[in-house]
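Chemist: Contents are compact mmCIF, C-alpha atoms and all ligand atoms; file name run-v3.txt:
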# COMPACT_ATOMS: atom_id res chain seq x y z
CA MET A 1 4.84 28.23 137.36
CA ARG A 2 5.12 32.01 137.35
CA LEU A 3 4.28 33.83 134.14
CA THR A 4 7.23 35.82 132.76
CA VAL A 5 6.39 38.86 130.64
CA LEU A 6 8.85 40.95 128.68
CA MET A 7 7.38 44.46 128.98
CA ASN A 8 8.68 46.58 126.11
CA ALA A 9 8.55 50.29 127.02
CA GLY A 10 10.88 51.41 124.22
CA PRO A 11 14.00 53.60 124.04
CA TRP A 12 12.57 57.11 124.43
CA LEU A 13 12.34 57.76 128.17
CA PRO A 14 13.22 55.97 131.41
CA VAL A 15 10.45 54.27 133.38
CA PRO A 16 9.11 56.03 135.36
CA PRO A 17 9.65 59.11 133.20
CA PRO A 18 11.22 62.18 134.83
CA GLY A 19 8.27 64.41 133.84
CA TYR A 20 5.90 64.13 130.91
CA GLY A 21 5.74 60.63 129.41
CA GLY A 22 2.39 59.03 128.66
CA ILE A 23 3.37 55.46 127.75
CA GLU A 24 6.22 55.21 130.24
CA ASN A 25 3.78 56.33 132.94
CA VAL A 26 1.32 53.60 131.97
CA VAL A 27 4.10 51.00 132.24
CA ALA A 28 5.19 52.43 135.61
CA THR A 29 1.59 52.18 136.84
CA LEU A 30 1.00 48.66 135.51
CA VAL A 31 4.21 46.80 136.39
CA PRO A 32 4.07 47.00 140.23
CA GLU A 33 0.50 45.65 140.17
CA LEU A 34 1.42 42.80 137.83
CA ARG A 35 4.29 41.83 140.11
CA ARG A 36 1.91 41.95 143.09
CA LEU A 37 -0.24 39.46 141.17
CA GLY A 38 2.79 37.15 140.83
CA VAL A 39 3.89 38.01 137.27
CA ARG A 40 7.68 38.10 136.69
CA VAL A 41 8.51 41.22 134.66
CA VAL A 42 11.53 41.67 132.38
CA LEU A 43 11.50 45.34 131.39
CA ALA A 44 12.93 46.39 128.02
CA SER A 45 13.72 50.08 128.45
CA VAL A 46 16.77 52.30 128.78
CA GLY A 47 19.46 51.69 131.38
CA ALA A 48 18.40 54.72 133.43
CA SER A 49 15.00 53.18 134.25
CA ALA A 50 14.60 52.91 138.00
CA LEU A 51 11.29 51.03 138.22
CA PRO A 52 11.72 47.93 140.39
CA VAL A 53 11.47 44.89 138.08
CA ASP A 54 12.78 41.34 138.03
CA GLU A 55 15.20 42.15 135.22
CA LEU A 56 16.03 45.13 133.01
CA VAL A 57 17.26 44.73 129.43
CA SER A 58 18.39 47.74 127.43
CA VAL A 59 20.26 48.85 124.35
CA TYR A 60 20.66 52.53 125.28
CA PRO A 61 21.89 53.74 128.68
CA ASP A 62 19.64 56.84 128.63
CA GLY A 63 16.38 58.03 127.11
CA GLN A 64 16.62 58.96 123.42
CA PHE A 65 13.68 61.38 123.40
CA ALA A 66 15.78 64.39 122.38
CA ALA A 67 16.69 62.59 119.14
CA LEU A 68 13.07 62.96 118.01
CA GLN A 69 13.77 66.62 117.22
CA ARG A 70 16.31 65.57 114.57
CA PRO A 71 15.50 64.85 110.89
CA TYR A 72 14.02 61.43 110.07
CA ASN A 73 17.17 60.02 108.50
CA GLN A 74 19.05 60.61 111.76
CA VAL A 75 16.35 59.18 114.03
CA CYS A 76 14.93 56.24 112.15
CA GLY A 77 17.41 53.73 113.57
CA VAL A 78 16.77 54.46 117.24
CA ALA A 79 13.60 52.46 117.90
CA GLN A 80 14.81 49.80 115.44
CA ALA A 81 18.06 49.32 117.40
CA HIS A 82 16.05 48.92 120.59
CA LEU A 83 13.72 46.40 118.92
CA ALA A 84 16.69 44.51 117.44
CA GLY A 85 17.98 44.18 121.02
CA VAL A 86 14.58 42.87 122.16
CA ALA A 87 14.51 40.38 119.27
CA ARG A 88 18.03 39.13 120.17
CA GLU A 89 16.85 38.63 123.75
CA LEU A 90 13.70 36.75 122.69
CA ARG A 91 15.67 34.43 120.40
CA ALA A 92 18.40 33.74 122.94
CA ARG A 93 16.26 32.73 125.91
CA ASP A 94 13.34 30.45 126.60
CA ASP A 95 12.01 31.86 129.89
CA ILE A 96 9.83 34.60 128.35
CA ASP A 97 6.22 33.40 128.10
CA LEU A 98 4.78 36.54 126.57
CA VAL A 99 5.72 39.98 125.26
CA HIS A 100 3.69 43.05 126.19
CA ASP A 101 4.75 45.73 123.74
CA HIS A 102 4.09 49.49 123.81
CA VAL A 103 6.35 50.76 121.01
CA GLU A 104 4.45 52.52 118.26
CA ALA A 105 4.57 50.87 114.80
CA VAL A 106 8.02 49.27 114.91
CA GLY A 107 7.19 47.16 117.99
CA LEU A 108 4.19 45.65 116.22
CA ALA A 109 6.01 45.23 112.90
CA THR A 110 9.02 43.52 114.49
CA LEU A 111 6.97 41.09 116.57
CA ALA A 112 4.77 40.20 113.57
CA ALA A 113 7.88 39.66 111.42
CA MET A 114 9.51 37.39 114.04
CA GLY A 115 6.75 34.80 113.64
CA PRO A 116 7.34 31.70 115.77
CA ASP A 117 10.77 33.00 116.88
CA ALA A 118 8.92 35.16 119.40
CA PRO A 119 6.51 34.13 122.16
CA PRO A 120 2.90 35.32 121.91
CA ALA A 121 2.77 39.11 122.01
CA LEU A 122 0.21 41.71 123.08
CA HIS A 123 0.76 45.14 121.53
CA THR A 124 -1.08 47.96 123.29
CA LEU A 125 -2.27 50.69 120.95
CA HIS A 126 -1.92 54.01 122.76
CA TRP A 127 -2.59 56.33 119.83
CA ASP A 128 -5.02 57.31 117.09
CA LEU A 129 -5.58 54.25 114.89
CA ALA A 130 -6.26 56.27 111.77
CA LYS A 131 -2.45 56.62 111.71
CA HIS A 132 -0.20 54.11 109.91
CA PRO A 133 -2.88 52.82 107.49
CA ALA A 134 -0.33 50.93 105.38
CA LEU A 135 0.94 49.02 108.43
CA TYR A 136 -2.39 48.49 110.20
CA GLY A 137 -4.32 47.76 107.00
CA HIS A 138 -2.07 44.82 106.11
CA LEU A 139 -1.10 43.46 109.51
CA ASP A 140 -0.53 39.73 109.63
CA GLY A 141 0.51 38.66 113.09
CA GLY A 142 -0.75 35.12 112.67
CA ASP A 143 -2.06 33.59 115.88
CA ARG A 144 0.77 35.01 117.95
CA VAL A 145 0.43 38.79 117.79
CA ARG A 146 -2.66 40.41 119.26
CA VAL A 147 -3.47 44.03 119.98
CA ASN A 148 -5.56 45.86 122.54
CA GLY A 149 -6.93 49.37 122.58
CA VAL A 150 -7.18 51.81 125.48
CA SER A 151 -10.88 52.40 124.79
CA ALA A 152 -13.63 50.78 122.76
CA ALA A 153 -14.12 53.97 120.73
CA GLN A 154 -10.47 53.96 119.68
CA LEU A 155 -10.75 50.47 118.14
CA THR A 156 -13.69 51.49 115.97
CA ARG A 157 -11.22 53.65 114.00
CA ALA A 158 -8.89 50.73 113.27
CA PRO A 159 -8.66 49.20 109.79
CA GLN A 160 -10.18 45.72 109.54
CA ALA A 161 -6.83 43.87 109.52
CA LEU A 162 -5.88 45.47 112.83
CA ARG A 163 -9.32 44.82 114.32
CA ASP A 164 -8.98 41.16 113.37
CA HIS A 165 -6.03 41.01 115.81
CA ALA A 166 -7.81 42.81 118.66
CA VAL A 167 -8.63 41.15 121.98
CA GLY A 168 -10.53 44.14 123.36
CA HIS A 169 -9.62 47.27 125.26
CA VAL A 170 -8.26 48.15 128.71
CA HIS A 171 -8.99 51.60 130.10
CA LEU A 172 -6.09 53.61 131.46
CA ALA A 173 -5.54 53.90 135.19
CA THR A 174 -4.01 56.29 137.69
CA PRO A 175 -2.43 55.71 141.10
CA LEU A 176 -4.51 58.73 142.22
CA ALA A 177 -7.61 56.51 142.04
CA VAL A 178 -6.42 54.30 144.90
CA ASP A 179 -8.63 55.09 147.90
CA ALA A 180 -9.83 58.20 146.05
CA GLU A 181 -13.28 57.87 147.64
CA ARG A 182 -11.69 58.25 151.08
CA ARG A 183 -9.69 61.37 150.24
CA PRO A 184 -11.19 64.55 151.67
CA GLY A 185 -12.15 67.17 149.10
CA PRO A 186 -9.79 70.18 148.95
CA LEU A 187 -10.93 73.78 149.00
CA ARG A 188 -12.43 74.39 145.59
CA GLY A 189 -11.37 77.43 143.62
CA ASP A 190 -13.11 79.03 140.70
CA HIS A 191 -10.57 78.22 137.99
CA VAL A 192 -10.92 75.76 135.12
CA VAL A 193 -7.95 73.66 133.95
CA VAL A 194 -7.03 72.28 130.55
CA LEU A 195 -4.46 69.56 131.30
CA GLY A 196 -2.43 68.16 128.41
CA ARG A 197 -0.04 68.81 125.54
CA ILE A 198 -0.91 72.05 123.79
CA THR A 199 -1.84 70.83 120.34
CA PRO A 200 -4.79 71.37 117.97
CA GLY A 201 -6.48 68.04 118.82
CA LYS A 202 -6.78 69.04 122.50
CA GLY A 203 -8.54 72.29 121.55
CA GLN A 204 -6.83 74.86 123.77
CA ASP A 205 -7.80 77.53 121.21
CA VAL A 206 -11.48 76.80 121.93
CA ALA A 207 -10.84 76.91 125.69
CA VAL A 208 -9.24 80.35 125.62
CA ARG A 209 -12.06 81.82 123.53
CA LEU A 210 -14.69 80.39 125.88
CA ALA A 211 -12.87 81.67 128.98
CA HIS A 212 -13.05 85.23 127.69
CA ARG A 213 -16.62 84.93 126.39
CA TYR A 214 -18.05 83.28 129.53
CA GLY A 215 -15.74 85.04 131.96
CA PHE A 216 -14.12 82.14 133.84
CA PRO A 217 -10.45 81.95 134.97
CA LEU A 218 -8.58 79.41 132.86
CA VAL A 219 -5.23 77.69 133.46
CA LEU A 220 -3.56 75.87 130.59
CA ALA A 221 -1.11 73.25 131.93
CA GLY A 222 1.12 71.26 129.62
CA PRO A 223 4.05 71.51 127.24
CA VAL A 224 4.09 73.12 123.82
CA GLY A 225 6.13 70.73 121.68
CA PRO A 226 9.39 70.12 123.56
CA TYR A 227 9.04 73.32 125.64
CA HIS A 228 7.91 72.80 129.21
CA ARG A 229 8.28 76.36 130.47
CA PRO A 230 7.19 79.63 128.88
CA ARG A 231 10.72 81.03 129.15
CA ASP A 232 12.24 78.04 127.27
CA LEU A 233 9.83 78.61 124.41
CA ALA A 234 10.55 82.34 124.37
CA ALA A 235 14.32 81.70 124.33
CA ASP A 236 14.37 79.53 121.20
CA ALA A 237 14.34 81.57 118.00
CA GLY A 238 13.79 78.42 115.89
CA ALA A 239 10.79 77.19 117.88
CA ARG A 240 8.26 77.92 115.13
CA GLN A 241 9.47 74.92 113.15
CA ASN A 242 7.37 72.83 115.50
CA PRO A 243 3.67 72.69 114.42
CA ASP A 244 2.40 72.77 118.03
CA VAL A 245 4.44 75.93 118.63
CA ARG A 246 2.84 77.54 115.57
CA PHE A 247 -0.61 76.55 116.87
CA PHE A 248 0.16 77.99 120.30
CA VAL A 249 1.69 81.22 119.05
CA ASP A 250 -0.99 81.89 116.41
CA GLU A 251 -4.21 80.54 117.95
CA VAL A 252 -3.75 80.39 121.72
CA ALA A 253 -1.13 82.89 122.94
CA PRO A 254 -3.00 86.00 121.68
CA HIS A 255 -5.72 85.15 124.25
CA VAL A 256 -3.31 84.39 127.12
CA ASP A 257 -3.39 87.61 129.13
CA GLY A 258 -1.72 86.30 132.31
CA ASP A 259 -4.86 87.16 134.27
CA ARG A 260 -8.09 85.55 133.05
CA VAL A 261 -6.15 83.08 130.93
CA ARG A 262 -2.72 81.75 131.97
CA TRP A 263 -0.29 79.24 130.48
CA VAL A 264 1.80 77.79 133.32
CA GLY A 265 3.84 75.27 131.30
CA THR A 266 4.10 71.67 132.46
CA VAL A 267 3.11 71.11 136.08
CA ALA A 268 4.08 67.87 137.77
CA GLY A 269 3.54 65.86 140.93
CA ARG A 270 1.86 67.53 143.86
CA ASP A 271 1.51 70.87 142.04
CA ARG A 272 -0.42 69.21 139.22
CA ASP A 273 -2.67 67.35 141.65
CA ASP A 274 -3.42 70.49 143.67
CA LEU A 275 -4.11 72.54 140.53
CA VAL A 276 -6.61 69.95 139.27
CA ALA A 277 -8.15 69.04 142.64
CA SER A 278 -8.96 72.68 143.44
CA ALA A 279 -10.45 73.45 140.02
CA ARG A 280 -14.14 73.95 139.34
CA ALA A 281 -13.78 71.63 136.35
CA THR A 282 -11.28 70.24 133.88
CA LEU A 283 -12.11 71.15 130.31
CA PHE A 284 -11.46 68.96 127.24
CA PRO A 285 -12.65 70.88 124.14
CA LEU A 286 -11.49 68.05 121.89
CA ARG A 287 -10.93 68.33 118.15
CA TRP A 288 -9.84 64.70 117.81
CA GLU A 289 -11.02 61.30 118.96
CA GLU A 290 -9.14 61.14 122.28
CA PRO A 291 -7.95 57.50 122.42
CA GLY A 292 -7.32 56.90 126.16
CA GLY A 293 -7.51 60.07 128.25
CA THR A 294 -5.21 59.68 131.25
CA ALA A 295 -5.90 63.28 132.24
CA VAL A 296 -9.63 62.48 132.28
CA VAL A 297 -9.33 59.64 134.79
CA GLU A 298 -6.88 61.70 136.88
CA SER A 299 -9.44 64.50 137.09
CA LEU A 300 -12.14 62.10 138.30
CA ALA A 301 -9.74 60.59 140.85
CA LEU A 302 -9.08 64.07 142.21
CA GLY A 303 -12.83 64.74 142.48
CA THR A 304 -12.96 67.34 139.72
CA PRO A 305 -15.83 67.13 137.23
CA VAL A 306 -14.95 66.77 133.56
CA VAL A 307 -16.51 69.11 131.00
CA ALA A 308 -15.79 67.84 127.51
CA THR A 309 -16.71 67.34 123.93
CA ALA A 310 -18.30 63.89 123.63
CA ARG A 311 -15.56 62.51 121.37
CA GLY A 312 -13.33 59.46 121.45
CA CYS A 313 -13.14 57.72 124.83
CA LEU A 314 -14.91 60.52 126.73
CA PRO A 315 -18.40 58.92 126.80
CA GLU A 316 -16.83 55.68 128.11
CA LEU A 317 -14.94 57.38 130.93
CA VAL A 318 -17.40 60.08 131.96
CA ASP A 319 -21.01 59.46 132.93
CA ASP A 320 -22.77 62.52 131.53
CA GLY A 321 -24.64 64.33 134.30
CA ARG A 322 -23.07 62.27 137.13
CA THR A 323 -19.25 62.61 136.86
CA GLY A 324 -19.11 65.31 134.22
CA LEU A 325 -20.94 67.12 131.45
CA LEU A 326 -20.55 66.22 127.78
CA THR A 327 -21.76 67.86 124.59
CA ASP A 328 -21.43 67.42 120.85
CA ASP A 329 -21.56 71.18 120.39
CA GLU A 330 -18.33 72.96 121.33
CA GLU A 331 -20.15 76.28 121.71
CA ARG A 332 -22.13 74.78 124.65
CA LEU A 333 -18.97 74.01 126.64
CA GLY A 334 -18.99 77.48 128.20
CA GLU A 335 -22.48 76.94 129.66
CA LEU A 336 -21.46 73.50 130.92
CA VAL A 337 -18.47 74.98 132.75
CA ARG A 338 -20.96 77.21 134.58
CA ALA A 339 -23.13 74.17 135.38
CA ALA A 340 -20.22 71.97 136.59
CA GLY A 341 -20.93 72.90 140.23
CA ARG A 342 -23.91 70.58 140.22
CA ILE A 343 -21.65 67.51 139.80
CA ASP A 344 -20.78 65.85 143.12
CA PRO A 345 -16.97 65.56 143.55
CA ALA A 346 -17.44 62.53 145.83
CA GLU A 347 -19.23 60.74 142.97
CA CYS A 348 -16.23 61.41 140.68
CA ARG A 349 -13.80 60.01 143.25
CA ARG A 350 -15.98 56.93 143.86
CA GLU A 351 -16.14 56.23 140.14
CA ALA A 352 -12.35 56.49 139.80
CA ALA A 353 -11.78 54.21 142.80
CA ALA A 354 -14.07 51.58 141.28
CA ARG A 355 -12.91 51.70 137.66
CA PHE A 356 -9.53 53.39 137.18
CA THR A 357 -7.11 51.99 139.78
CA PRO A 358 -3.84 50.31 138.72
CA ALA A 359 -5.15 47.06 140.26
CA VAL A 360 -8.22 47.06 137.98
CA MET A 361 -6.02 47.68 134.93
CA ALA A 362 -3.52 44.95 135.90
CA GLN A 363 -6.29 42.41 136.52
CA ARG A 364 -7.65 43.09 133.06
CA TYR A 365 -4.21 42.66 131.44
CA VAL A 366 -3.68 39.38 133.27
CA GLU A 367 -6.97 38.18 131.75
CA LEU A 368 -5.76 39.20 128.29
CA TYR A 369 -2.40 37.46 128.83
CA GLY A 370 -4.32 34.27 129.65
CA ARG A 371 -6.41 34.66 126.54
CA LEU A 372 -3.33 35.15 124.37
CA ARG A 373 -1.70 32.02 125.64
CA GLN A 374 -4.84 30.06 124.81
CA LEU A 375 -5.04 31.55 121.32
CA ALA A 376 -1.37 31.13 120.38
CA PRO A 377 0.05 27.75 119.42
CA ALA A 378 2.77 26.42 121.74
CA ARG A 379 6.26 27.68 120.94
CA LEU A 380 8.14 25.02 118.98
CA PRO A 381 10.99 23.50 120.97
CA PRO A 382 14.44 23.94 119.40
CA VAL A 383 15.45 20.96 117.21
N1 LIG B 401 0.40 66.13 132.38
C1 LIG B 401 1.19 66.57 133.41
N2 LIG B 401 1.44 67.90 133.49
C2 LIG B 401 0.95 68.80 132.61
C3 LIG B 401 0.11 68.33 131.56
C4 LIG B 401 -0.16 66.97 131.48
O1 LIG B 401 1.65 65.80 134.25
O2 LIG B 401 1.22 69.98 132.74
C5 LIG B 401 0.09 64.67 132.32
C6 LIG B 401 -1.35 64.39 132.61
O3 LIG B 401 -1.57 64.48 134.00
C7 LIG B 401 -1.47 62.98 132.01
C8 LIG B 401 -0.56 63.03 130.80
O4 LIG B 401 0.31 64.16 131.02
O5 LIG B 401 -0.99 62.02 132.93
C9 LIG B 401 -1.32 63.23 129.50
O6 LIG B 401 -1.91 62.03 129.15
P1 LIG B 401 -3.24 62.00 128.26
O7 LIG B 401 -3.56 60.55 128.00
O8 LIG B 401 -4.29 62.83 128.88
O9 LIG B 401 -2.81 62.73 126.91
P2 LIG B 401 -1.67 62.40 125.83
O10 LIG B 401 -0.65 63.49 125.98
O11 LIG B 401 -1.10 61.04 126.14
O12 LIG B 401 -2.41 62.48 124.51
Could you take the file, read its structure, and then write that structure out as structure tokens?
Ligand code: UDP
Modeler:
Amino acid sequence: MRLTVLMNAGPWLPVPPPGYGGIENVVATLVPELRRLGVRVVLASVGASALPVDELVSVYPDGQFAALQRPYNQVCGVAQAHLAGVARELRARDDIDLVHDHVEAVGLATLAAMGPDAPPALHTLHWDLAKHPALYGHLDGGDRVRVNGVSAAQLTRAPQALRDHAVGHVHLATPLAVDAERRPGPLRGDHVVVLGRITPGKGQDVAVRLAHRYGFPLVLAGPVGPYHRPRDLAADAGARQNPDVRFFVDEVAPHVDGDRVRWVGTVAGRDRDDLVASARATLFPLRWEEPGGTAVVESLALGTPVVATARGCLPELVDDGRTGLLTDDEERLGELVRAAGRIDPAECRREAAARFTPAVMAQRYVELYGRLRQLAPARLPPV
């Protein structure tokens, strides 16, 4: 009998997302591979999701992401309404063998609270586990709710109660890794790229200082808060309310001269791939414990060495000296950018093709689904 999984992607963005959308992108990468492996997928998302699935269930017709800019008391029902819809679905039908949930905090809390009314559930933790200590520190999901991390390092930051529910970690994947070792290398430029949301944890302020001190061309790609283009940020007089905007304006923008250092906003699709593939290195001057690092595995898949602070998942994803250069000392990053030319791009692509393809990720999740079904007691038949 085919395994049926309800994949809960949440109410924020369609799957696949139209542009930036970390979790929705992971779901869009995972689901086709699961279906190839024979899993039947019921996607819980918004009505606008276009990912081919066996069935789509939704509460909202469109992504609710814009609501996140509103005050808490106007937003706090959005994810709950979506989860209430998922709970109704799980109670009403008996064909769902397992839930794979990706909705921060409320997904986990709802599934734990449902007890035996829900099938076994795997909740993937995509974020920093030092968050939500009151929820994670007291989690009781019984034998039915389990969690997985996106790196081993991430799980070490989890409170004990959350760790007691963990069944391991699954590294993130990218479609760019498929056949990456066969892709010819592009013409390499001299620029260095920082790819990601502009926010203190990603350390763009360090990158801009190093670019000027060591004299390398630097491109910052990514949104600042909700602003994807420099002109959208400039046009909003109230933008400074957002903490990432304050970080950008105060710590980063004074060093963006449009020549040695440029901020190009969010780049997507082919443009993003070309920007990264032609770079001398991608730079991750991290100030936080990066939990999963999609941009890291994308860089390897595109044959671009990673130069990074050795924090969070970086030492698991990057083999220091072979696919990138890591350091504990952020002041050394500038020298490592200079040294990145000694890393073989073909080695980076081979590594990505072996470890970070969607097929590898899906195979690992199928193993975890099997484990969950062994661990959870059978669902009680209705009386
Ligand atoms: N990204 C993008 N365009 C940009 C900046 C980032 O498409 O201008 C993508 C990047 O390629 C990656 C994702 O956004 O797929 C960021 O994921 P990551 O796990 O690196 O960081 P997160 O934002 O989830 O902390």
Chemist: Could you check how far CA of Leu300 (chain A) sits from CA of Ala268 (chain A), in Å to one decimal?
Modeler: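 Going from CA of Leu300 (chain A) over to CA of Ala268 (chain A), I get 17.2 Å.
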Chemist: One decimal, in Å: what's the spacing between CA of Leu286 (chain A) and CA of Leu314 (chain A)?
Modeler: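 CA of Leu286 (chain A) sits 9.6 Å away from CA of Leu314 (chain A).
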Chemist: Can you check which parts of region 150-217 of chain A lie within 8 Å of region 252-262 of chain A? Per residue, the shortest pair of atoms and distance in Å to one decimal, counting only C-alpha atoms, sorted by chain and number, as a Markdown table.
Modeler:
| residue | atom | partner | partner_atom | distance |
| --- | --- | --- | --- | --- |
| A:Gln204 | CA | A:Val252 | CA | 6.7 |
| A:Asp205 | CA | A:Val252 | CA | 5.0 |
| A:Val208 | CA | A:His255 | CA | 6.1 |
| A:Arg209 | CA | A:His255 | CA | 7.2 |
| A:Ala211 | CA | A:Val261 | CA | 7.1 |
| A:His212 | CA | A:Arg260 | CA | 7.3 |
| A:Gly215 | CA | A:Arg260 | CA | 7.7 |
| A:Phe216 | CA | A:Arg260 | CA | 7.0 |
| A:Pro217 | CA | A:Arg260 | CA | 4.7 |
Chemist: Taking all atoms listed in the file into account, which of A:His171, A:Arg311, A:Arg272, A:Lys131 comes nearest Ala352 (chain A)?
Modeler: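 With all atoms listed in the file as the atom set, the closest residue is A:His171.
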Chemist: Taking all atoms listed in the file into account, which residues have an atom no farther than 10 Å from ligand LIG 401 (chain B)? I'd like them as a PyMOL selection string.
Modeler: chain A and resi 19-23+25-26+126-128+150+172-174+193-199+201-202+220-224+228-229+263-273+275-276+284+290-299
Chemist: Restricting it to C-alpha atoms, dump the selection as an mmCIF file, in the frame of the given file.
Modeler:
data_model
loop_
_atom_site.group_PDB
_atom_site.id
_atom_site.type_symbol
_atom_site.label_atom_id
_atom_site.label_comp_id
_atom_site.auth_asym_id
_atom_site.auth_seq_id
_atom_site.Cartn_x
_atom_site.Cartn_y
_atom_site.Cartn_z
ATOM 1 C CA GLY A 19 8.270 64.410 133.840
ATOM 2 C CA TYR A 20 5.900 64.130 130.910
ATOM 3 C CA GLY A 21 5.740 60.630 129.410
ATOM 4 C CA GLY A 22 2.390 59.030 128.660
ATOM 5 C CA ILE A 23 3.370 55.460 127.750
ATOM 6 C CA ASN A 25 3.780 56.330 132.940
ATOM 7 C CA VAL A 26 1.320 53.600 131.970
ATOM 8 C CA HIS A 126 -1.920 54.010 122.760
ATOM 9 C CA TRP A 127 -2.590 56.330 119.830
ATOM 10 C CA ASP A 128 -5.020 57.310 117.090
ATOM 11 C CA VAL A 150 -7.180 51.810 125.480
ATOM 12 C CA LEU A 172 -6.090 53.610 131.460
ATOM 13 C CA ALA A 173 -5.540 53.900 135.190
ATOM 14 C CA THR A 174 -4.010 56.290 137.690
ATOM 15 C CA VAL A 193 -7.950 73.660 133.950
ATOM 16 C CA VAL A 194 -7.030 72.280 130.550
ATOM 17 C CA LEU A 195 -4.460 69.560 131.300
ATOM 18 C CA GLY A 196 -2.430 68.160 128.410
ATOM 19 C CA ARG A 197 -0.040 68.810 125.540
ATOM 20 C CA ILE A 198 -0.910 72.050 123.790
ATOM 21 C CA THR A 199 -1.840 70.830 120.340
ATOM 22 C CA GLY A 201 -6.480 68.040 118.820
ATOM 23 C CA LYS A 202 -6.780 69.040 122.500
ATOM 24 C CA LEU A 220 -3.560 75.870 130.590
ATOM 25 C CA ALA A 221 -1.110 73.250 131.930
ATOM 26 C CA GLY A 222 1.120 71.260 129.620
ATOM 27 C CA PRO A 223 4.050 71.510 127.240
ATOM 28 C CA VAL A 224 4.090 73.120 123.820
ATOM 29 C CA HIS A 228 7.910 72.800 129.210
ATOM 30 C CA ARG A 229 8.280 76.360 130.470
ATOM 31 C CA TRP A 263 -0.290 79.240 130.480
ATOM 32 C CA VAL A 264 1.800 77.790 133.320
ATOM 33 C CA GLY A 265 3.840 75.270 131.300
ATOM 34 C CA THR A 266 4.100 71.670 132.460
ATOM 35 C CA VAL A 267 3.110 71.110 136.080
ATOM 36 C CA ALA A 268 4.080 67.870 137.770
ATOM 37 C CA GLY A 269 3.540 65.860 140.930
ATOM 38 C CA ARG A 270 1.860 67.530 143.860
ATOM 39 C CA ASP A 271 1.510 70.870 142.040
ATOM 40 C CA ARG A 272 -0.420 69.210 139.220
ATOM 41 C CA ASP A 273 -2.670 67.350 141.650
ATOM 42 C CA LEU A 275 -4.110 72.540 140.530
ATOM 43 C CA VAL A 276 -6.610 69.950 139.270
ATOM 44 C CA PHE A 284 -11.460 68.960 127.240
ATOM 45 C CA GLU A 290 -9.140 61.140 122.280
ATOM 46 C CA PRO A 291 -7.950 57.500 122.420
ATOM 47 C CA GLY A 292 -7.320 56.900 126.160
ATOM 48 C CA GLY A 293 -7.510 60.070 128.250
ATOM 49 C CA THR A 294 -5.210 59.680 131.250
ATOM 50 C CA ALA A 295 -5.900 63.280 132.240
ATOM 51 C CA VAL A 296 -9.630 62.480 132.280
ATOM 52 C CA VAL A 297 -9.330 59.640 134.790
ATOM 53 C CA GLU A 298 -6.880 61.700 136.880
ATOM 54 C CA SER A 299 -9.440 64.500 137.090
#
Chemist: If I take CA of Ala354 (chain A) and CA of Cys313 (chain A), how far is one from the other in Å, to one decimal?
Modeler: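 Taking CA of Ala354 (chain A) as the start and CA of Cys313 (chain A) as the end point, the length is 17.6 Å.
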Chemist: Would you please work out which residue, of A:Asp94, A:Glu316, A:Asp344, A:Asp190, is nearest to His169 (chain A) when using all atoms listed in the file?
Modeler: A:Glu316
Chemist: Could you work out an axis-aligned box for region 343-354 of chain A, taking every atom the file lists and adding 6 Å on each side, and report centre and edge lengths in Å to one decimal, as AutoDock Vina command-line options?
Modeler:
--center_x -16.7 --center_y 59.5 --center_z 142.8 --size_x 21.9 --size_y 27.9 --size_z 18.0
Chemist: Of the candidates A:Val31, A:Cys76, A:Ala235, A:Leu6, which shows the shortest atom-to-atom distance to Arg93 (chain A), using all atoms listed in the file?
Modeler: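 Between A:Val31, A:Cys76, A:Ala235, A:Leu6, the residue approaching Arg93 (chain A) most closely is A:Leu6.
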Chemist: Extract, using all atoms listed in the file, all DNA, RNA and protein residues at most 8 Å from Leu3 (chain A), discarding same-chain residues fewer than 4 positions from it, and format them as a list in words.
Modeler: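 That gives Gly38, Val39, Arg40 and Asp97 of chain A.
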Chemist: Smallest atom-to-atom distance to Ala130 (chain A): which of A:Pro358, A:Ala118, A:Ala109, A:Ala158, using all atoms listed in the file?
Modeler: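 Ranked by minimum distance to Ala130 (chain A), first place goes to A:Ala158.
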Chemist: Any idea what's packed within 8 Å of Ser49 (chain A), counting only C-alpha atoms, ignoring anything in its chain fewer than 4 positions away? Could you give it as a PDB file with C-alpha atoms, in the frame of the given file?
Modeler:
ATOM      1  CA  PRO A  14      13.220  55.970 131.410  1.00  0.00           C
ATOM      2  CA  VAL A  15      10.450  54.270 133.380  1.00  0.00           C
ATOM      3  CA  PRO A  16       9.110  56.030 135.360  1.00  0.00           C
ATOM      4  CA  SER A  45      13.720  50.080 128.450  1.00  0.00           C
TER       5      SER A  45
END
Chemist: Neighbourhood query: residues within 7 Å of (4.1, 50.8, 122.7), file coordinates, counting only C-alpha atoms; return as a list in words.
Modeler: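 Those within range, by chain then number, are Ala9, Gly10, Ile23, Asp101, His102, Val103, Glu104, Gly107, His123, Thr124, Leu125 and His126 of chain A.
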Chemist: Leaving out region 82-86 of chain A and any residue of its chain fewer than 4 positions from it, which residues lie within 10 Å of it when counting only C-alpha atoms, given as an MDAnalysis selection string?
Modeler: chainID A and resid 6 8:12 44:46 57:60 77:78 90:92 99 103 106:111 118
Chemist: Go through A:Leu375, A:Val5, A:Leu302, A:Ala207 one by one, measure the shortest atom-to-atom distance of each to Arg332 (chain A) using all atoms listed in the file, and give the residue with the smallest value.
Modeler: A:Ala207
Chemist: Nearest to Pro305 (chain A): which of A:Arg246, A:Arg36, A:Arg322, A:His132 is it, counting all atoms listed in the file?
Modeler: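 Ranked by minimum distance to Pro305 (chain A), first place goes to A:Arg322.
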Chemist: Contacts of Pro285 (chain A) at 6 Å or less, counting all atoms listed in the file, minus same-chain residues fewer than 3 places along, as a PDB file with C-alpha atoms, in the coordinates of the input?
Modeler:
ATOM      1  CA  GLY A 203      -8.540  72.290 121.550  1.00  0.00           C
ATOM      2  CA  ALA A 308     -15.790  67.840 127.510  1.00  0.00           C
ATOM      3  CA  THR A 309     -16.710  67.340 123.930  1.00  0.00           C
TER       4      THR A 309
END
